[in-house]
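Student: mmCIF, C-alpha atoms, saved as work-v4.cif, coming up:
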data_upload
#
loop_
_atom_site.label_atom_id
_atom_site.label_comp_id
_atom_site.auth_asym_id
_atom_site.auth_seq_id
_atom_site.Cartn_x
_atom_site.Cartn_y
_atom_site.Cartn_z
CA MET A 666 155.75 63.20 126.43
CA ASN A 667 156.39 60.93 129.40
CA SER A 668 159.66 62.49 130.54
CA LEU A 669 159.27 64.89 133.43
CA PHE A 670 162.40 66.70 132.23
CA ALA A 671 161.05 67.13 128.68
CA ASN A 672 157.73 68.43 130.02
CA MET A 673 159.49 70.73 132.47
CA TYR A 674 161.72 72.12 129.70
CA ALA A 675 158.69 72.81 127.47
CA ALA A 676 156.86 74.58 130.32
CA LEU A 677 159.92 76.67 131.16
CA GLU A 678 160.52 77.61 127.52
CA THR A 679 156.92 78.81 127.16
CA ARG A 680 156.99 80.65 130.49
CA ILE A 681 160.26 82.47 129.74
CA THR A 682 159.55 83.41 126.11
CA THR A 683 156.03 84.59 126.98
CA ASN A 684 157.01 86.74 129.96
CA ILE A 685 160.50 88.05 129.17
CA PRO A 686 160.61 89.31 125.57
CA GLU A 687 164.20 90.53 126.08
CA ILE A 688 165.32 86.88 126.10
CA LYS A 689 165.60 85.94 122.42
CA GLY A 690 165.89 82.16 122.77
CA VAL A 691 165.52 79.26 125.21
CA PHE A 692 167.42 76.07 124.39
CA PRO A 693 168.33 72.76 126.01
CA GLU A 694 171.93 72.90 127.27
CA LEU A 695 174.05 70.92 124.80
CA GLN A 696 177.34 72.76 125.33
CA GLN A 697 176.54 75.07 122.42
CA LEU A 698 178.66 77.90 123.84
CA ASP A 699 181.71 75.64 124.05
CA ASN A 700 181.39 74.63 120.41
CA TYR A 701 179.99 77.76 118.77
CA LYS A 702 182.00 79.93 116.42
CA GLY A 703 180.68 83.34 115.47
CA GLN A 704 177.84 85.50 116.76
CA PRO A 705 174.31 84.04 117.06
CA ASP A 706 171.36 86.35 116.50
CA VAL A 707 169.62 85.26 119.70
CA TRP A 708 171.24 87.34 122.44
CA PRO A 709 170.57 87.11 125.26
CA CYS A 710 169.47 83.51 125.49
CA VAL A 711 168.95 80.88 128.17
CA PHE A 712 170.24 77.31 128.17
CA ILE A 713 168.34 74.91 130.44
CA ASP A 714 169.68 71.72 132.00
CA PHE A 715 168.67 69.34 134.78
CA THR A 716 171.74 68.24 136.74
CA THR A 717 172.93 66.35 139.79
CA PHE A 718 169.77 64.39 140.55
CA GLU A 719 169.55 61.89 143.37
CA PHE A 720 166.67 59.47 143.75
CA GLU A 721 165.23 57.84 146.84
CA ASN A 722 162.68 55.04 146.94
CA LEU A 723 159.31 55.78 148.51
CA ALA A 724 157.58 52.52 147.58
CA GLN A 725 158.15 49.69 145.13
CA ARG A 726 157.49 51.76 142.04
CA GLU A 727 157.73 55.33 143.38
CA GLN A 728 160.73 57.59 143.94
CA THR A 729 161.42 61.11 145.03
CA ALA A 730 164.03 63.04 143.06
CA SER A 731 166.06 66.06 144.09
CA GLY A 732 168.44 67.95 141.86
CA ILE A 733 169.33 71.21 140.20
CA LEU A 734 167.62 73.14 137.44
CA SER A 735 170.36 75.15 135.75
CA CYS A 736 169.46 78.22 133.69
CA LYS A 737 172.45 79.71 131.92
CA LEU A 738 171.79 83.28 130.82
CA ALA A 739 174.25 83.97 127.99
CA PHE A 740 175.09 87.08 126.02
CA SER A 741 177.89 88.40 123.91
CA VAL A 742 180.25 90.94 125.47
CA THR A 743 180.97 92.52 122.08
CA LYS A 744 178.64 94.51 119.87
CA SER A 745 177.08 92.65 116.97
CA GLY A 746 179.49 92.47 114.04
CA SER A 747 182.21 94.26 115.98
CA THR A 748 185.11 93.67 118.34
CA ASP A 749 184.02 96.64 120.48
CA PHE A 750 182.70 95.74 123.92
CA ILE A 751 179.08 96.43 124.81
CA ASP A 752 178.45 99.68 126.68
CA LYS A 753 177.93 99.92 130.43
CA GLN A 754 174.16 100.41 130.20
CA THR A 755 173.74 97.28 128.07
CA ALA A 756 175.76 95.30 130.61
CA LEU A 757 173.56 96.65 133.43
CA ASP A 758 170.44 95.82 131.43
CA TYR A 759 171.56 92.18 131.41
CA TYR A 760 171.45 92.19 135.21
CA GLU A 761 167.88 93.47 134.96
CA ILE A 762 166.99 90.60 132.61
CA GLU A 763 168.60 88.18 135.08
CA THR A 764 166.42 89.64 137.85
CA LYS A 765 163.30 89.20 135.70
CA LEU A 766 164.26 85.59 135.04
CA HIS A 767 164.73 84.94 138.75
CA GLN A 768 161.42 86.59 139.66
CA LEU A 769 159.69 84.41 137.06
CA LEU A 770 161.23 81.17 138.36
CA GLN A 771 161.44 81.60 142.14
CA GLY A 772 158.52 79.72 143.71
CA TRP A 773 157.15 78.51 140.35
CA SER A 774 155.85 74.98 139.83
CA ASN A 775 154.24 73.35 136.84
CA GLY A 776 152.20 71.11 139.16
CA SER A 777 154.57 68.14 138.77
CA CYS A 778 157.28 69.45 141.10
CA ALA A 779 157.80 71.37 144.30
CA PRO A 780 158.15 75.15 143.88
CA LEU A 781 161.57 76.17 142.57
CA VAL A 782 164.01 77.69 145.05
CA ARG A 783 167.14 79.55 143.93
CA THR A 784 170.27 78.05 145.45
CA LYS A 785 173.17 79.74 143.63
CA ILE A 786 174.32 82.19 140.95
CA GLU A 787 177.68 81.77 139.27
CA THR A 788 179.53 83.61 136.53
CA ALA A 789 181.44 81.30 134.20
CA ASP A 790 185.13 81.97 133.73
CA ARG A 791 185.37 82.11 129.93
CA LYS A 792 188.13 82.97 127.46
CA ASP A 793 185.81 83.92 124.57
CA THR A 794 183.31 86.72 123.90
CA PHE A 795 180.42 85.15 125.84
CA ARG A 796 179.30 86.01 129.34
CA VAL A 797 177.36 83.30 131.10
CA ARG A 798 175.52 83.67 134.39
CA SER A 799 174.21 80.37 135.78
CA LEU A 800 171.15 80.54 137.99
CA SER A 801 170.60 77.31 139.92
CA TYR A 802 167.30 76.24 141.46
CA SER A 803 166.51 73.20 143.58
CA LEU A 804 164.05 70.95 141.79
CA THR A 805 162.20 68.18 143.65
CA PHE A 806 159.52 65.85 142.38
CA GLU A 807 157.98 62.44 142.91
CA GLU A 808 157.85 59.93 140.13
CA SER A 809 155.74 56.82 139.84
CA VAL A 810 156.13 54.19 137.16
CA ALA A 811 152.67 52.84 136.32
CA THR A 812 153.71 49.61 134.59
CA LEU A 813 156.91 47.80 133.87
CA PRO A 814 157.78 47.78 130.18
CA GLY A 815 156.78 44.40 128.77
CA SER A 816 155.24 43.26 132.07
CA THR A 817 151.65 43.25 130.97
CA THR A 818 150.14 41.10 128.32
CA SER A 819 146.68 41.61 127.02
CA ARG A 820 144.49 38.60 127.56
CA PRO A 821 143.02 37.16 124.38
CA ALA A 822 139.26 37.21 124.12
CA ALA A 823 137.65 34.08 125.44
CA ASP A 824 136.49 31.75 122.68
CA PHE A 825 133.98 29.34 124.09
CA LEU A 826 132.70 26.37 122.18
CA PHE A 827 129.11 25.60 123.11
CA ARG A 828 127.48 22.34 122.15
CA ALA A 829 123.84 21.77 122.23
#
Here is a file; write its structure as structure tokens.

Tutor:
Amino acid sequence: MNSLFANMYAALETRITTNIPEIKGVFPELQQLDNYKGQPDVWPCVFIDFTTFEFENLAQREQTASGILSCKLAFSVTKSGSTDFIDKQTALDYYEIETKLHQLLQGWSNGSCAPLVRTKIETADRKDTFRVRSLSYSLTFEESVATLPGSTTSRPAADFLFRA
């Protein structure tokens, strides 16, 4: 993959699922929680997105990028298959999972970006049975485009005609 975001997502998915078994799924953020009906089997889960990026030129074909890595930790506030709310200890356990996620991400780099730095935590104001805590991290990287698409043409092999 050439996309820094795709590679970063894959690295984060592996890192989270390998180190925090309590998190049952890691997904790209596609507004699933706004469009989902019912109870998924993957609670708690994390939705990852890369938002609010600004780019600055360093040289003709190089840029630095700064933006936000958003990790939305989501869980259901009701028990599976029930309308009863989760118990206090389960709710507190979700804070522990959030702490594990933060400890795993703070200062981490996959080698293509500066170490992640937490900038904010927010709780989404929702009217459904999901609770979503958004952990935001500053994400900075440099990007260089090696060649312009369609700018290079391979030179045909020389075909010399020799006469004796």

Student: Would you please work out which residue, of A:Ser799, A:Thr784, A:Ser777, A:Gln725, is nearest to Ser668 (chain A) when using all atoms listed in the file?

Tutor: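 Looking at the shortest contact to Ser668 (chain A), the residue is A:Ser777.
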
Student: I need the residue nearest Phe806 (chain A) from this list: A:Met673, A:Ile681, A:Leu766, A:Leu738. Use all atoms listed in the file for the distance.

Tutor: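 Using all atoms listed in the file, Phe806 (chain A) sits closest to A:Met673.
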
Student: Could I get the residues of region 726-771 of chain A with an atom no further than 8 Å from an atom of region 708-711 of chain A, each paired with its nearest atom pair and that distance in Å to one decimal, using all atoms listed in the file, sorted by chain and residue number, as a tab-separated table?

Tutor:
residue	atom	partner	partner_atom	distance
A:Cys736	CA	A:Val711	CA	6.1
A:Lys737	CA	A:Val711	CA	5.3
A:Leu738	CA	A:Val711	CA	4.6
A:Ala739	CA	A:Cys710	CA	5.4
A:Phe740	CA	A:Pro709	CA	4.6
A:Ser741	CA	A:Trp708	CA	6.9

Student: Any chance you could work out the residue set of the PyMOL selection byres ((chain A and resi 802) around 7) here, as a list in words?

Tutor: Ile733, Leu734, Ser735, Leu781, Val782, Arg783, Thr784, Leu800, Ser801, Ser803 and Leu804 of chain A

Student: Give as JSON, numbers by chain the residues that the PyMOL selection byres ((chain A and resi 687) around 10) matches when applied to the coordinates above.

Tutor: {"A": [681, 682, 684, 685, 686, 688, 689, 690, 707, 708, 709, 710, 758, 759, 762, 765]}

Student: May I have the residues within 12 Å of Gln728 (chain A) as an MDAnalysis selection string, using all atoms listed in the file and disregarding those fewer than 5 positions away in the same chain?

Tutor: chainID A and resid 718:723 805:810

Student: Mind listing whatever residues come within 7 Å of the point (177.5, 83.0, 138.4)? Use all atoms listed in the file, file coordinates, and give them as a VMD selection string.

Tutor: chain A and resid 786 to 789 798 to 800

Student: Please put the answer as lines of an AutoDock Vina configuration file: centre and edge lengths, in Å with one decimal, of a box along x, y and z that encloses all listed atoms of region 687-690 of chain A plus 4 Å on each side.

Tutor:
center_x = 165.0
center_y = 86.3
center_z = 124.3
size_x = 9.7
size_y = 16.4
size_z = 11.7

Student: Given the choices A:Phe795, A:Phe715, A:Tyr760, A:Phe692, which gets closest to Thr679 (chain A) if the distance is worked out from only C-alpha atoms?

Tutor: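 Among the listed residues, A:Phe692 lies closest to Thr679 (chain A).
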
Student: CA of His767 (chain A) to CA of Pro780 (chain A): how many Å, to one decimal?

Tutor: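 Going from CA of His767 (chain A) over to CA of Pro780 (chain A), I get 12.9 Å.
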
Student: Between CA of Thr716 (chain A) and CA of Thr683 (chain A), what is the distance, to one decimal in Å?

Tutor: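 Atom-to-atom, CA of Thr716 (chain A) and CA of Thr683 (chain A) are spaced 24.7 Å apart.
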
Student: So which one's closest to Leu677 (chain A), A:Ala730, A:Leu770, A:Leu695, A:Ile751? Using only C-alpha atoms, please.

Tutor: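 Using only C-alpha atoms, Leu677 (chain A) sits closest to A:Leu770.
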